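I have placed the structure first, in the form of structure tokens, so that the comments after it can refer back to it.
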Amino acid sequence: METPTETVTSDDENEPPGMADELMARGAFLRKLRLLEKADEEEREKQRDEESQTRKYEGEPDDCIESLSNGQRVLRYKSYLQHQRYYDDLKHIDCKFIDYGVIGKGHLVIEQKKELGKGGLCWDAAFILGEHMIDCKDEWVSGPNTSVVELGSGTGLCGTMIAKAVPKCHIEITDLMELKPLMETNVALNFDCRSDDHTSSFSDEDLNLLFGASDQNKRNSAASSISASVLRWGCDEDYGNGPYDIVLGADVVASLYDPVALARTIHSLCHDKSSVYISYKGRLTGPHEIFEKELHTLFDNISRIKPSQACRNKNPEVWILKATGRTSKCNA
């Protein structure tokens with residue numbers, strides 16, 4: 001008598017008809033999507049290369065970015081100015097240094113530190129304000145010792161530009177304590193290389209790449225003196241070097257700062273004949289409205305002006321707010 005055999009069925013055999021085929025088809029479909037995505041990215045990369053080659057053929061250059069021996073990136077700002085295809089705030093965030101070329105009497109290279117946040121970066125509003133002040137120097141330089149303070153300097157771009165190009169001034173760039181080392185680094189890098197511990201970390205080859213071999217003698221060249229210090233808005237104990245003839249601020253009105261404290265600090269740093277120049281991008285209407293409203297209570301004359309035509313950066317969103325006629329009123 002034959003022993004009955006037990007029929008063993010696999011899970012696959014128990015699946016409804018067509019399920020395995022459906023899973024296989026779905027896997028194949030996903031693999032096809034991945035291949036299409038890869039091909040699409042390769043096509044976009046090819047298009048970017050072609051567009052870049054076309055721009056070069058048509059004489060429209062890309063940003064010129066070089067690298068130091070340690071891999072840190074250096075942007076030649078002149079190359080950006082030649083095309084200015086974009087004005088987004090973070091366009092050069094991955095460049096450690098920005099070479100602004102010869103400004104006035106000297107060559108200017110600014111170090112960025114993106115780990116410091118907004119204050120560690122260079123902004124269009126700072127470069128534009130610097131060039132505006134240089135072009136319009138005859139309207140604000142009042143004598144052989146014109147005192148200038150820049151609030152929220154960050155990298156010190158605006159103030160260092162003015163010190164390179166405008167004579168008969170002393171420029172004081174200021175910010176919070178955590179940004180003071182960066183300001184001091186950029187002052188030392190561009191104004192006093194002989195006593196600069198920072199530049200000792202650069203090889204001669206890297207210094208030549210940063211400043212150009214023929215411009216090494218222009219590193220120290222400047223029209224005016226400059227210093228860096230801590231100045232906290234709303235802290236009277238930080239106002240000891242004031243009042244100043246000129247108060248500057250580049251892109252300092254922002255949602256993360258107190259616009260009322262800024263306006264009152266500006267008032268405290270001015271005397272009756274001081275002038276105030278604040279550059280900004282028209283993107284934060286709320287803080288600007290609060291700032292301007294407070295400023296109108298502290299100064300008789302407030303005007304919004306377009307930057308000088310001499311400004312090479314043509315960012316259409318940047319404006320300059322000018323204030324004169326300091327009042328005796330200071331809101332507590």
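Labeling convention for the structure tokens: chains A, B, ... as they appear, residues from 1 per chain, ligands from 1 in order of appearance.
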All alpha helix (DSSP H) positions in segment 289-328 of chain A, as a list in words: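 Answer for segment 289-328 of chain A restricted to alpha helix (DSSP H) is Glu289, Ile290, Phe291, Glu292, Lys293, Glu294, Leu295, His296, Thr297 and Leu298 of chain A.
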Generate a file of the selected residues that holds N, CA and C atoms, formatted as a CSV table (one decimal), in the first residue's frame.
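selection08.csv written:
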```
chain,number,residue,atom,x,y,z
A,289,GLU,N,9.9,99.2,8.2
A,289,GLU,CA,8.9,100.2,8.6
A,289,GLU,C,9.0,100.6,10.1
A,290,ILE,N,9.3,99.6,11.0
A,290,ILE,CA,9.5,100.0,12.4
A,290,ILE,C,10.8,100.8,12.5
A,291,PHE,N,11.8,100.5,11.8
A,291,PHE,CA,13.1,101.2,11.9
A,291,PHE,C,12.9,102.6,11.4
A,292,GLU,N,12.3,102.8,10.3
A,292,GLU,CA,12.1,104.1,9.7
A,292,GLU,C,11.2,105.0,10.5
A,293,LYS,N,10.2,104.4,11.1
A,293,LYS,CA,9.2,105.1,11.9
A,293,LYS,C,10.0,105.7,13.2
A,294,GLU,N,10.8,104.9,13.8
A,294,GLU,CA,11.6,105.3,14.9
A,294,GLU,C,12.6,106.4,14.5
A,295,LEU,N,13.2,106.2,13.4
A,295,LEU,CA,14.3,107.1,12.9
A,295,LEU,C,13.7,108.5,12.6
A,296,HIS,N,12.4,108.5,12.2
A,296,HIS,CA,11.8,109.8,11.9
A,296,HIS,C,11.5,110.6,13.2
A,297,THR,N,11.5,109.9,14.3
A,297,THR,CA,11.3,110.7,15.6
A,297,THR,C,12.6,111.2,16.1
A,298,LEU,N,13.7,110.7,15.5
A,298,LEU,CA,15.1,111.0,16.1
A,298,LEU,C,15.9,111.9,15.2
```
DSSP strand (DSSP E or B) residues within segment 178-301 of chain A, as a ChimeraX atom specification: /A:225-230,244-250,270-281,299-301
Residues within 12 Å of Glu317 of chain A, only C-alpha atoms, excluding chain neighbours under 4 positions, as a ChimeraX atom specification: /A:86-89,124-125,128,251,279-284,305-307,313
Among the residues A:Lys180, A:Arg312, A:Lys273, A:Lys91, the one that comes closest to Thr146 of chain A [using only C-alpha atoms]: A:Lys273
Of the listed residues A:Ile98, A:Glu150, A:His271, A:Val141, that which approaches Arg73 of chain A most closely, counting only C-alpha atoms: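 Using only C-alpha atoms, Arg73 of chain A sits closest to A:Ile98.
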